[in-house]
file protein-v1.cif (mmCIF, C-alpha atoms)
data_data
#
loop_
_atom_site.label_atom_id
_atom_site.label_comp_id
_atom_site.auth_asym_id
_atom_site.auth_seq_id
_atom_site.Cartn_x
_atom_site.Cartn_y
_atom_site.Cartn_z
CA ALA A 1 -86.09 165.47 -44.08
CA GLN A 2 -87.93 168.32 -42.43
CA SER A 3 -91.72 168.34 -42.21
CA VAL A 4 -94.53 170.22 -40.53
CA ALA A 5 -98.01 168.99 -39.67
CA GLN A 6 -100.98 171.21 -38.99
CA PRO A 7 -103.63 168.69 -38.01
CA GLU A 8 -106.64 171.00 -38.32
CA ASP A 9 -107.75 172.38 -41.67
CA GLN A 10 -110.21 174.71 -39.93
CA VAL A 11 -110.52 176.18 -36.45
CA ASN A 12 -113.63 178.06 -35.36
CA VAL A 13 -113.69 180.20 -32.24
CA ALA A 14 -116.01 182.81 -30.77
CA GLU A 15 -114.77 186.37 -30.49
CA GLY A 16 -113.22 186.99 -27.08
CA ASN A 17 -112.42 183.33 -26.47
CA PRO A 18 -108.86 181.99 -26.45
CA LEU A 19 -107.61 180.39 -29.64
CA THR A 20 -105.06 177.68 -30.38
CA VAL A 21 -103.74 176.63 -33.78
CA LYS A 22 -101.71 173.44 -33.60
CA CYS A 23 -98.38 172.61 -35.22
CA THR A 24 -95.98 169.69 -34.88
CA TYR A 25 -92.68 169.36 -36.64
CA SER A 26 -89.97 166.88 -37.59
CA VAL A 27 -86.30 167.73 -38.10
CA SER A 28 -83.14 165.72 -37.59
CA GLY A 29 -81.50 168.42 -35.46
CA ASN A 30 -82.62 171.48 -33.55
CA PRO A 31 -85.27 173.62 -35.23
CA TYR A 32 -86.00 177.19 -36.03
CA LEU A 33 -89.82 177.54 -35.96
CA PHE A 34 -92.05 180.20 -37.45
CA TRP A 35 -95.68 181.26 -37.73
CA TYR A 36 -97.04 183.27 -40.64
CA VAL A 37 -100.51 184.65 -41.42
CA GLN A 38 -102.08 185.12 -44.84
CA TYR A 39 -105.08 187.25 -45.74
CA PRO A 40 -106.99 186.61 -49.00
CA ASN A 41 -104.94 187.15 -52.16
CA ARG A 42 -101.98 188.46 -50.20
CA GLY A 43 -98.50 187.25 -49.35
CA LEU A 44 -97.50 185.76 -46.01
CA GLN A 45 -96.88 188.03 -43.04
CA PHE A 46 -94.40 186.99 -40.35
CA LEU A 47 -95.95 186.65 -36.87
CA LEU A 48 -93.26 185.17 -34.62
CA LYS A 49 -90.34 182.78 -34.41
CA TYR A 50 -88.54 180.49 -32.00
CA ILE A 51 -84.76 180.55 -32.31
CA THR A 52 -83.46 179.70 -28.84
CA GLY A 53 -84.03 180.56 -25.19
CA ASP A 54 -87.46 181.03 -23.61
CA ASN A 55 -89.95 178.43 -24.85
CA LEU A 56 -92.77 180.98 -24.84
CA VAL A 57 -92.41 183.36 -27.75
CA LYS A 58 -94.45 186.54 -28.12
CA GLY A 59 -95.17 188.03 -31.52
CA SER A 60 -97.28 190.49 -33.44
CA TYR A 61 -100.97 191.32 -32.79
CA GLY A 62 -101.01 189.63 -29.37
CA PHE A 63 -100.10 186.17 -30.64
CA GLU A 64 -97.73 183.86 -28.81
CA ALA A 65 -96.44 180.33 -29.32
CA GLU A 66 -94.94 177.73 -27.04
CA PHE A 67 -92.04 175.53 -28.11
CA ASN A 68 -92.25 172.03 -26.64
CA LYS A 69 -89.23 169.96 -27.57
CA SER A 70 -90.45 166.69 -26.06
CA GLN A 71 -93.72 166.87 -27.98
CA THR A 72 -92.10 168.46 -31.07
CA SER A 73 -94.84 171.07 -31.07
CA PHE A 74 -95.10 174.81 -31.60
CA HIS A 75 -98.76 175.74 -31.07
CA LEU A 76 -99.94 179.28 -31.81
CA LYS A 77 -102.13 180.92 -29.16
CA LYS A 78 -103.97 184.12 -28.39
CA PRO A 79 -105.81 184.82 -25.13
CA SER A 80 -108.75 186.66 -26.73
CA ALA A 81 -109.64 186.24 -30.41
CA LEU A 82 -110.78 189.08 -32.66
CA VAL A 83 -112.89 188.83 -35.80
CA SER A 84 -109.98 190.46 -37.64
CA ASP A 85 -107.79 187.44 -36.72
CA SER A 86 -109.76 185.38 -39.25
CA ALA A 87 -107.17 184.27 -41.84
CA LEU A 88 -105.00 181.37 -42.99
CA TYR A 89 -102.14 180.49 -40.64
CA PHE A 90 -98.97 178.63 -41.61
CA CYS A 91 -96.38 176.99 -39.40
CA ALA A 92 -92.86 176.56 -40.84
CA VAL A 93 -89.58 174.94 -39.80
CA ARG A 94 -85.94 175.22 -40.73
CA GLU A 95 -83.18 173.03 -39.32
CA ARG A 96 -80.66 174.98 -37.28
CA GLY A 97 -77.22 175.29 -38.77
CA GLY A 98 -78.29 174.85 -42.35
CA ASN A 99 -79.17 177.26 -45.10
CA THR A 100 -82.17 175.28 -46.22
CA PRO A 101 -85.45 176.91 -47.19
CA LEU A 102 -88.41 177.04 -44.84
CA VAL A 103 -90.70 174.02 -44.98
CA PHE A 104 -94.36 174.89 -44.47
CA GLY A 105 -97.39 173.07 -43.17
CA LYS A 106 -100.58 172.97 -45.21
CA GLY A 107 -102.17 175.81 -43.28
CA THR A 108 -105.07 176.17 -40.87
CA ARG A 109 -107.98 178.46 -41.61
CA LEU A 110 -109.05 180.35 -38.51
CA SER A 111 -112.58 181.70 -38.38
CA VAL A 112 -113.49 184.00 -35.48
CA ILE A 113 -117.22 184.43 -35.11
CA ALA A 114 -118.74 187.56 -33.60
CA ASP B 1 -89.50 201.61 -48.71
CA GLY B 2 -87.82 198.21 -48.36
CA GLY B 3 -89.44 194.97 -49.36
CA ILE B 4 -90.16 192.40 -52.03
CA THR B 5 -92.08 193.30 -55.16
CA GLN B 6 -93.79 190.73 -57.34
CA SER B 7 -95.30 191.58 -60.70
CA PRO B 8 -97.74 191.29 -62.22
CA LYS B 9 -100.40 190.66 -59.58
CA TYR B 10 -102.55 188.74 -62.07
CA LEU B 11 -101.31 186.88 -65.15
CA PHE B 12 -103.12 184.88 -67.78
CA ARG B 13 -101.39 182.24 -69.87
CA LYS B 14 -102.55 180.54 -73.00
CA GLU B 15 -101.91 176.87 -73.57
CA GLY B 16 -98.35 176.23 -74.77
CA GLN B 17 -97.08 179.67 -73.79
CA ASN B 18 -94.13 180.51 -71.53
CA VAL B 19 -94.63 183.29 -69.01
CA THR B 20 -92.21 184.99 -66.63
CA LEU B 21 -93.04 186.17 -63.11
CA SER B 22 -90.93 188.98 -61.71
CA CYS B 23 -89.53 189.16 -58.17
CA GLU B 24 -87.33 192.03 -56.96
CA GLN B 25 -86.06 192.75 -53.43
CA ASN B 26 -84.19 195.71 -51.94
CA LEU B 27 -83.55 194.12 -48.55
CA ASN B 28 -79.98 193.11 -49.46
CA HIS B 29 -80.90 189.49 -48.77
CA ASP B 30 -78.70 186.71 -50.09
CA ALA B 31 -81.32 184.00 -50.49
CA MET B 32 -84.47 184.07 -52.61
CA TYR B 33 -87.20 181.48 -53.02
CA TRP B 34 -90.20 180.65 -55.17
CA TYR B 35 -93.18 178.81 -53.70
CA ARG B 36 -96.39 177.64 -55.29
CA GLN B 37 -99.64 177.72 -53.30
CA ASP B 38 -102.65 175.58 -54.17
CA PRO B 39 -105.80 175.32 -52.02
CA GLY B 40 -105.35 172.76 -49.26
CA GLN B 41 -101.73 172.02 -50.16
CA GLY B 42 -99.89 174.77 -48.37
CA LEU B 43 -96.71 176.17 -49.90
CA ARG B 44 -94.48 173.98 -52.03
CA LEU B 45 -90.94 174.97 -52.95
CA ILE B 46 -90.18 175.36 -56.67
CA TYR B 47 -86.63 176.78 -56.74
CA TYR B 48 -84.31 178.64 -54.42
CA SER B 49 -81.08 180.56 -54.71
CA GLN B 50 -78.61 181.28 -51.92
CA ILE B 51 -76.18 183.33 -53.99
CA VAL B 52 -75.97 185.09 -57.33
CA ASN B 53 -75.49 182.78 -60.34
CA ASP B 54 -76.47 179.70 -58.35
CA PHE B 55 -79.85 178.05 -57.67
CA GLN B 56 -81.26 174.68 -56.61
CA LYS B 57 -84.40 172.75 -57.46
CA GLY B 58 -87.10 172.46 -54.87
CA ASP B 59 -89.78 169.80 -54.53
CA ILE B 60 -91.75 170.69 -57.68
CA ALA B 61 -89.23 172.19 -60.15
CA GLU B 62 -90.46 170.34 -63.25
CA GLY B 63 -91.87 172.75 -65.83
CA TYR B 64 -90.25 175.80 -64.24
CA SER B 65 -86.96 177.65 -64.74
CA VAL B 66 -85.19 180.48 -62.90
CA SER B 67 -82.17 182.74 -63.16
CA ARG B 68 -80.21 184.75 -60.57
CA GLU B 69 -78.04 187.20 -62.45
CA LYS B 70 -78.42 189.94 -59.84
CA LYS B 71 -78.75 189.78 -56.07
CA GLU B 72 -81.96 191.79 -56.20
CA SER B 73 -83.80 189.76 -58.84
CA PHE B 74 -85.04 186.15 -59.11
CA PRO B 75 -87.47 185.75 -62.03
CA LEU B 76 -89.48 182.55 -62.48
CA THR B 77 -90.46 181.25 -65.92
CA VAL B 78 -93.42 178.92 -66.16
CA THR B 79 -92.82 176.88 -69.29
CA SER B 80 -95.24 175.04 -71.53
CA ALA B 81 -93.97 171.82 -69.92
CA GLN B 82 -95.83 172.73 -66.71
CA LYS B 83 -99.16 171.06 -67.35
CA ASN B 84 -101.11 172.55 -64.48
CA PRO B 85 -99.72 176.04 -63.86
CA THR B 86 -102.85 177.68 -62.47
CA ALA B 87 -101.86 178.66 -58.91
CA PHE B 88 -100.78 181.48 -56.61
CA TYR B 89 -97.01 182.05 -56.78
CA LEU B 90 -95.09 183.53 -53.88
CA CYS B 91 -91.55 184.87 -53.87
CA ALA B 92 -89.57 185.26 -50.65
CA SER B 93 -86.12 186.28 -49.47
CA SER B 94 -84.01 185.86 -46.34
CA ILE B 95 -80.58 186.47 -44.83
CA THR B 96 -78.33 183.42 -44.78
CA LYS B 97 -75.07 184.63 -43.26
CA ALA B 98 -74.28 182.92 -39.94
CA LYS B 99 -73.79 186.13 -37.99
CA TYR B 100 -77.43 187.04 -38.69
CA LEU B 101 -78.93 183.75 -37.54
CA GLU B 102 -81.35 185.60 -35.29
CA ASN B 103 -82.95 186.98 -38.44
CA THR B 104 -83.71 183.74 -40.25
CA GLU B 105 -87.32 184.42 -41.16
CA ALA B 106 -88.29 184.81 -44.80
CA PHE B 107 -90.06 187.91 -46.12
CA PHE B 108 -92.72 187.44 -48.76
CA GLY B 109 -93.99 189.42 -51.73
CA GLN B 110 -97.70 189.92 -52.36
CA GLY B 111 -97.91 187.08 -54.87
CA THR B 112 -98.83 186.56 -58.52
CA ARG B 113 -101.99 184.69 -59.44
CA LEU B 114 -101.47 182.78 -62.67
CA THR B 115 -104.43 181.44 -64.62
CA VAL B 116 -104.42 179.33 -67.77
CA VAL B 117 -107.03 180.44 -70.29
#

call {"tool": "encode", "arguments": {"input": "protein-v1.cif", "output": "structure tokens"}}
result
Amino acid sequence: AQSVAQPEDQVNVAEGNPLTVKCTYSVSGNPYLFWYVQYPNRGLQFLLKYITGDNLVKGSYGFEAEFNKSQTSFHLKKPSALVSDSALYFCAVRERGGNTPLVFGKGTRLSVIA
Amino acid sequence: DGGITQSPKYLFRKEGQNVTLSCEQNLNHDAMYWYRQDPGQGLRLIYYSQIVNDFQKGDIAEGYSVSREKKESFPLTVTSAQKNPTAFYLCASSITKAKYLENTEAFFGQGTRLTVV
């Protein structure tokens, strides 16, 4: 069975500092990995994905994520946080080769303080 | 303007009443999904459909029903058997054909907030 763990419910960071939101996953085969962001009372917006190839993936709004197969991790990063990055972030996984739905983590609330 | 449309944005249900949440997409996606979001629990899968006239139960299907009569539409009915229906409901869609594997992300609607009164 596929699963995703986001070990931090809340991450606080000062504006201008780098941010990291952690994600680890479990699948029986090779994964497709995704990050989404959610603003209050809105749907999820796609940020970036890892399909294959380069382990460092760049996405929207200056975010990037690094796929680490040995550690089964896919941490979301940004070199310099903005107050407007404050939101709820979800990591998701799908096993490669299947048509199964995305499995989501419980989310991490990012708060960027001015 | 392509996308996924959920309606209504807010819905109130009385005890013992069935209500139906609408989800329509014009992205020509094969697969559609319903997720439920509760604070601190992330997104949990209710039902999904990979093709017209076929759907599968997700992790929390009890008390819910769906239909997929058209590719564009995947309505969710919250029945009176669902004892705790107050939540934020999200509909999503994605491509499933193998030749489009690069595009495997799901696209989400803006959600429907259901409250029992």

call {"tool": "closest_residue", "arguments": {"input": "protein-v1.cif", "among": "A:Thr100, A:Gln10, A:Asn55, A:Ser86", "to": "Ser73 in chain A", "atoms": "all atoms listed in the file"}}
result
A:Asn55

call {"tool": "resolve_selection", "arguments": {"input": "protein-v1.cif", "expression": "the PyMOL selection byres ((chain A) within 7 of (chain B))", "output": "list of chain:residue names"}}
result
A:Arg42, A:Gly43, A:Leu44, A:Ile51, A:Asn99, A:Phe104, A:Gly105, A:Lys106, A:Gly107

call {"tool": "atom_distance", "arguments": {"input": "protein-v1.cif", "atom1": "CA of Ser73 in chain B", "atom2": "CA of Thr20 in chain B"}}
result
12.4 Å

call {"tool": "atom_distance", "arguments": {"input": "protein-v1.cif", "atom1": "CA of His75 in chain A", "atom2": "CA of Ala87 in chain B"}}
result
28.2 Å

call {"tool": "residues_around", "arguments": {"input": "protein-v1.cif", "residues": "Val37 in chain A", "least_positions_apart": "5", "cutoff": "7 Å", "atoms": "only C-alpha atoms", "output": "ChimeraX atom specification"}}
result
/A:44-47,87-90

call {"tool": "resolve_selection", "arguments": {"input": "protein-v1.cif", "expression": "the PyMOL selection byres ((chain B and resi 54) around 10)", "output": "PyMOL selection string"}}
result
chain B and resi 48-53+55-56+66-69

call {"tool": "atom_distance", "arguments": {"input": "protein-v1.cif", "atom1": "CA of Val116 in chain B", "atom2": "CA of Val19 in chain B"}}
result
10.6 Å

call {"tool": "residues_around", "arguments": {"input": "protein-v1.cif", "residues": "Val21 in chain A", "least_positions_apart": "2", "cutoff": "7 Å", "atoms": "only C-alpha atoms", "output": "JSON list (two decimals) with C-alpha atoms, in the frame of the given file"}}
result
[["chain", "number", "residue", "atom", "x", "y", "z"],
["A", 19, "LEU", "CA", -107.61, 180.39, -29.64],
["A", 23, "CYS", "CA", -98.38, 172.61, -35.22],
["A", 75, "HIS", "CA", -98.76, 175.74, -31.07],
["A", 76, "LEU", "CA", -99.94, 179.28, -31.81],
["A", 77, "LYS", "CA", -102.13, 180.92, -29.16]]

call {"tool": "residues_around", "arguments": {"input": "protein-v1.cif", "residues": "Glu66 in chain A", "least_positions_apart": "2", "cutoff": "7 Å", "atoms": "all atoms listed in the file", "output": "PyMOL selection string"}}
result
chain A and resi 55-57+64+68+74-75

call {"tool": "resolve_selection", "arguments": {"input": "protein-v1.cif", "expression": "the PyMOL selection byres ((chain A and resi 79) around 7)", "output": "compact mmCIF listing (two decimals) with C-alpha atoms, in the coordinates of the input"}}
result
# COMPACT_ATOMS: atom_id res chain seq x y z
CA ASN A 17 -112.42 183.33 -26.47
CA PRO A 18 -108.86 181.99 -26.45
CA LEU A 19 -107.61 180.39 -29.64
CA LYS A 77 -102.13 180.92 -29.16
CA LYS A 78 -103.97 184.12 -28.39
CA SER A 80 -108.75 186.66 -26.73
CA ALA A 81 -109.64 186.24 -30.41

call {"tool": "residues_around", "arguments": {"input": "protein-v1.cif", "residues": "Lys69 in chain A", "least_positions_apart": "4", "cutoff": "12 Å", "atoms": "all atoms listed in the file", "output": "PDB file with C-alpha atoms, keeping the file's coordinate frame"}}
result
ATOM      1  CA  THR A  24     -95.980 169.690 -34.880  1.00  0.00           C
ATOM      2  CA  TYR A  25     -92.680 169.360 -36.640  1.00  0.00           C
ATOM      3  CA  SER A  26     -89.970 166.880 -37.590  1.00  0.00           C
ATOM      4  CA  VAL A  27     -86.300 167.730 -38.100  1.00  0.00           C
ATOM      5  CA  GLY A  29     -81.500 168.420 -35.460  1.00  0.00           C
ATOM      6  CA  ASN A  30     -82.620 171.480 -33.550  1.00  0.00           C
ATOM      7  CA  PRO A  31     -85.270 173.620 -35.230  1.00  0.00           C
ATOM      8  CA  TYR A  32     -86.000 177.190 -36.030  1.00  0.00           C
ATOM      9  CA  LEU A  33     -89.820 177.540 -35.960  1.00  0.00           C
ATOM     10  CA  TYR A  50     -88.540 180.490 -32.000  1.00  0.00           C
ATOM     11  CA  THR A  52     -83.460 179.700 -28.840  1.00  0.00           C
ATOM     12  CA  ASP A  54     -87.460 181.030 -23.610  1.00  0.00           C
ATOM     13  CA  ASN A  55     -89.950 178.430 -24.850  1.00  0.00           C
ATOM     14  CA  LEU A  56     -92.770 180.980 -24.840  1.00  0.00           C
ATOM     15  CA  SER A  73     -94.840 171.070 -31.070  1.00  0.00           C
ATOM     16  CA  PHE A  74     -95.100 174.810 -31.600  1.00  0.00           C
ATOM     17  CA  HIS A  75     -98.760 175.740 -31.070  1.00  0.00           C
TER      18      HIS A  75
END

call {"tool": "closest_residue", "arguments": {"input": "protein-v1.cif", "among": "A:Gly62, A:Pro101, A:Pro40, A:Gly53", "to": "Gln2 in chain A", "atoms": "all atoms listed in the file"}}
result
A:Pro101

call {"tool": "residues_near_point", "arguments": {"input": "protein-v1.cif", "point": "(-118.5, 185.9, -31.6)", "cutoff": "12 Å", "atoms": "only C-alpha atoms", "output": "MDAnalysis selection string"}}
result
chainID A and resid 12:18 80:86 111:114

call {"tool": "axis_aligned_box", "arguments": {"input": "protein-v1.cif", "around": "range 58-68 of chain A", "padding_each_side": "4 Å", "output": "JSON"}}
result
{"center_x": -96.5, "center_y": 181.7, "center_z": -30.0, "size_x": 17.0, "size_y": 27.3, "size_z": 14.8}

call {"tool": "decode", "arguments": {"input": "protein-v1.cif", "residues": "range 73-102 of chain A", "atoms": "N, CA, C and O atoms", "output": "PDB file, in the first residue's frame"}}
result
ATOM      1  N   SER A  73      12.546  10.083   0.287  1.00  0.00           N
ATOM      2  CA  SER A  73      12.092  11.420   0.663  1.00  0.00           C
ATOM      3  C   SER A  73      11.909  12.302  -0.558  1.00  0.00           C
ATOM      4  O   SER A  73      12.501  12.060  -1.624  1.00  0.00           O
ATOM      5  N   PHE A  74      11.119  13.344  -0.372  1.00  0.00           N
ATOM      6  CA  PHE A  74      10.844  14.303  -1.447  1.00  0.00           C
ATOM      7  C   PHE A  74      10.533  15.634  -0.774  1.00  0.00           C
ATOM      8  O   PHE A  74       9.409  16.117  -0.793  1.00  0.00           O
ATOM      9  N   HIS A  75      11.549  16.249  -0.171  1.00  0.00           N
ATOM     10  CA  HIS A  75      11.372  17.481   0.594  1.00  0.00           C
ATOM     11  C   HIS A  75      11.194  18.690  -0.314  1.00  0.00           C
ATOM     12  O   HIS A  75      11.919  18.838  -1.305  1.00  0.00           O
ATOM     13  N   LEU A  76      10.283  19.550   0.073  1.00  0.00           N
ATOM     14  CA  LEU A  76      10.011  20.795  -0.666  1.00  0.00           C
ATOM     15  C   LEU A  76      10.899  21.904  -0.099  1.00  0.00           C
ATOM     16  O   LEU A  76      11.009  22.041   1.126  1.00  0.00           O
ATOM     17  N   LYS A  77      11.480  22.710  -0.998  1.00  0.00           N
ATOM     18  CA  LYS A  77      12.392  23.759  -0.551  1.00  0.00           C
ATOM     19  C   LYS A  77      12.163  25.050  -1.330  1.00  0.00           C
ATOM     20  O   LYS A  77      11.656  25.029  -2.446  1.00  0.00           O
ATOM     21  N   LYS A  78      12.598  26.141  -0.693  1.00  0.00           N
ATOM     22  CA  LYS A  78      12.608  27.431  -1.365  1.00  0.00           C
ATOM     23  C   LYS A  78      13.734  28.248  -0.749  1.00  0.00           C
ATOM     24  O   LYS A  78      13.857  28.301   0.475  1.00  0.00           O
ATOM     25  N   PRO A  79      14.586  28.852  -1.552  1.00  0.00           N
ATOM     26  CA  PRO A  79      15.764  29.547  -1.007  1.00  0.00           C
ATOM     27  C   PRO A  79      15.423  30.753  -0.128  1.00  0.00           C
ATOM     28  O   PRO A  79      16.125  31.041   0.833  1.00  0.00           O
ATOM     29  N   SER A  80      14.327  31.457  -0.459  1.00  0.00           N
ATOM     30  CA  SER A  80      13.995  32.675   0.278  1.00  0.00           C
ATOM     31  C   SER A  80      12.471  32.766   0.415  1.00  0.00           C
ATOM     32  O   SER A  80      11.759  32.982  -0.571  1.00  0.00           O
ATOM     33  N   ALA A  81      11.974  32.594   1.631  1.00  0.00           N
ATOM     34  CA  ALA A  81      10.533  32.533   1.855  1.00  0.00           C
ATOM     35  C   ALA A  81       9.887  33.923   1.789  1.00  0.00           C
ATOM     36  O   ALA A  81      10.490  34.935   2.192  1.00  0.00           O
ATOM     37  N   LEU A  82       8.645  33.931   1.314  1.00  0.00           N
ATOM     38  CA  LEU A  82       7.827  35.139   1.277  1.00  0.00           C
ATOM     39  C   LEU A  82       6.628  34.966   2.203  1.00  0.00           C
ATOM     40  O   LEU A  82       6.146  33.840   2.387  1.00  0.00           O
ATOM     41  N   VAL A  83       6.117  36.069   2.729  1.00  0.00           N
ATOM     42  CA  VAL A  83       4.924  35.994   3.567  1.00  0.00           C
ATOM     43  C   VAL A  83       3.769  35.343   2.805  1.00  0.00           C
ATOM     44  O   VAL A  83       2.982  34.579   3.366  1.00  0.00           O
ATOM     45  N   SER A  84       3.706  35.611   1.507  1.00  0.00           N
ATOM     46  CA  SER A  84       2.635  35.059   0.672  1.00  0.00           C
ATOM     47  C   SER A  84       2.759  33.547   0.470  1.00  0.00           C
ATOM     48  O   SER A  84       1.830  32.920  -0.070  1.00  0.00           O
ATOM     49  N   ASP A  85       3.879  32.945   0.877  1.00  0.00           N
ATOM     50  CA  ASP A  85       4.011  31.479   0.817  1.00  0.00           C
ATOM     51  C   ASP A  85       3.261  30.801   1.954  1.00  0.00           C
ATOM     52  O   ASP A  85       3.129  29.562   1.945  1.00  0.00           O
ATOM     53  N   SER A  86       2.790  31.548   2.923  1.00  0.00           N
ATOM     54  CA  SER A  86       2.060  30.968   4.048  1.00  0.00           C
ATOM     55  C   SER A  86       0.798  30.265   3.546  1.00  0.00           C
ATOM     56  O   SER A  86      -0.065  30.879   2.921  1.00  0.00           O
ATOM     57  N   ALA A  87       0.715  28.967   3.798  1.00  0.00           N
ATOM     58  CA  ALA A  87      -0.390  28.144   3.280  1.00  0.00           C
ATOM     59  C   ALA A  87      -0.235  26.731   3.826  1.00  0.00           C
ATOM     60  O   ALA A  87       0.670  26.449   4.604  1.00  0.00           O
ATOM     61  N   LEU A  88      -1.108  25.842   3.362  1.00  0.00           N
ATOM     62  CA  LEU A  88      -1.057  24.425   3.725  1.00  0.00           C
ATOM     63  C   LEU A  88      -0.464  23.664   2.543  1.00  0.00           C
ATOM     64  O   LEU A  88      -0.917  23.832   1.403  1.00  0.00           O
ATOM     65  N   TYR A  89       0.541  22.857   2.804  1.00  0.00           N
ATOM     66  CA  TYR A  89       1.252  22.143   1.746  1.00  0.00           C
ATOM     67  C   TYR A  89       1.054  20.639   1.893  1.00  0.00           C
ATOM     68  O   TYR A  89       1.179  20.087   2.985  1.00  0.00           O
ATOM     69  N   PHE A  90       0.750  19.998   0.759  1.00  0.00           N
ATOM     70  CA  PHE A  90       0.505  18.563   0.738  1.00  0.00           C
ATOM     71  C   PHE A  90       1.481  17.870  -0.202  1.00  0.00           C
ATOM     72  O   PHE A  90       1.668  18.301  -1.345  1.00  0.00           O
ATOM     73  N   CYS A  91       2.046  16.773   0.284  1.00  0.00           N
ATOM     74  CA  CYS A  91       2.845  15.875  -0.527  1.00  0.00           C
ATOM     75  C   CYS A  91       1.953  14.701  -0.936  1.00  0.00           C
ATOM     76  O   CYS A  91       1.074  14.285  -0.161  1.00  0.00           O
ATOM     77  N   ALA A  92       2.151  14.172  -2.152  1.00  0.00           N
ATOM     78  CA  ALA A  92       1.330  13.059  -2.632  1.00  0.00           C
ATOM     79  C   ALA A  92       2.182  12.094  -3.434  1.00  0.00           C
ATOM     80  O   ALA A  92       3.200  12.479  -4.017  1.00  0.00           O
ATOM     81  N   VAL A  93       1.745  10.849  -3.492  1.00  0.00           N
ATOM     82  CA  VAL A  93       2.479   9.804  -4.214  1.00  0.00           C
ATOM     83  C   VAL A  93       1.515   8.957  -5.031  1.00  0.00           C
ATOM     84  O   VAL A  93       0.357   8.779  -4.675  1.00  0.00           O
ATOM     85  N   ARG A  94       2.027   8.485  -6.148  1.00  0.00           N
ATOM     86  CA  ARG A  94       1.307   7.496  -6.948  1.00  0.00           C
ATOM     87  C   ARG A  94       2.344   6.505  -7.428  1.00  0.00           C
ATOM     88  O   ARG A  94       3.443   6.900  -7.830  1.00  0.00           O
ATOM     89  N   GLU A  95       2.022   5.219  -7.407  1.00  0.00           N
ATOM     90  CA  GLU A  95       2.978   4.210  -7.855  1.00  0.00           C
ATOM     91  C   GLU A  95       3.042   4.206  -9.381  1.00  0.00           C
ATOM     92  O   GLU A  95       2.003   4.231 -10.054  1.00  0.00           O
ATOM     93  N   ARG A  96       4.243   4.181  -9.901  1.00  0.00           N
ATOM     94  CA  ARG A  96       4.439   4.207 -11.342  1.00  0.00           C
ATOM     95  C   ARG A  96       3.881   2.935 -11.977  1.00  0.00           C
ATOM     96  O   ARG A  96       4.031   1.836 -11.450  1.00  0.00           O
ATOM     97  N   GLY A  97       3.235   3.134 -13.106  1.00  0.00           N
ATOM     98  CA  GLY A  97       2.721   1.988 -13.850  1.00  0.00           C
ATOM     99  C   GLY A  97       1.287   1.637 -13.514  1.00  0.00           C
ATOM    100  O   GLY A  97       0.672   0.827 -14.180  1.00  0.00           O
ATOM    101  N   GLY A  98       0.749   2.246 -12.508  1.00  0.00           N
ATOM    102  CA  GLY A  98      -0.630   1.964 -12.146  1.00  0.00           C
ATOM    103  C   GLY A  98      -1.518   3.157 -12.389  1.00  0.00           C
ATOM    104  O   GLY A  98      -1.043   4.264 -12.586  1.00  0.00           O
ATOM    105  N   ASN A  99      -2.798   2.930 -12.403  1.00  0.00           N
ATOM    106  CA  ASN A  99      -3.753   4.021 -12.554  1.00  0.00           C
ATOM    107  C   ASN A  99      -4.425   4.329 -11.240  1.00  0.00           C
ATOM    108  O   ASN A  99      -5.593   4.678 -11.198  1.00  0.00           O
ATOM    109  N   THR A 100      -3.704   4.197 -10.165  1.00  0.00           N
ATOM    110  CA  THR A 100      -4.282   4.411  -8.849  1.00  0.00           C
ATOM    111  C   THR A 100      -4.343   5.891  -8.524  1.00  0.00           C
ATOM    112  O   THR A 100      -3.563   6.688  -9.038  1.00  0.00           O
ATOM    113  N   PRO A 101      -5.280   6.277  -7.658  1.00  0.00           N
ATOM    114  CA  PRO A 101      -5.374   7.685  -7.268  1.00  0.00           C
ATOM    115  C   PRO A 101      -4.167   8.140  -6.459  1.00  0.00           C
ATOM    116  O   PRO A 101      -3.447   7.323  -5.874  1.00  0.00           O
ATOM    117  N   LEU A 102      -3.973   9.453  -6.409  1.00  0.00           N
ATOM    118  CA  LEU A 102      -2.938  10.014  -5.559  1.00  0.00           C
ATOM    119  C   LEU A 102      -3.254   9.743  -4.093  1.00  0.00           C
ATOM    120  O   LEU A 102      -4.401   9.838  -3.665  1.00  0.00           O
TER     121      LEU A 102
END
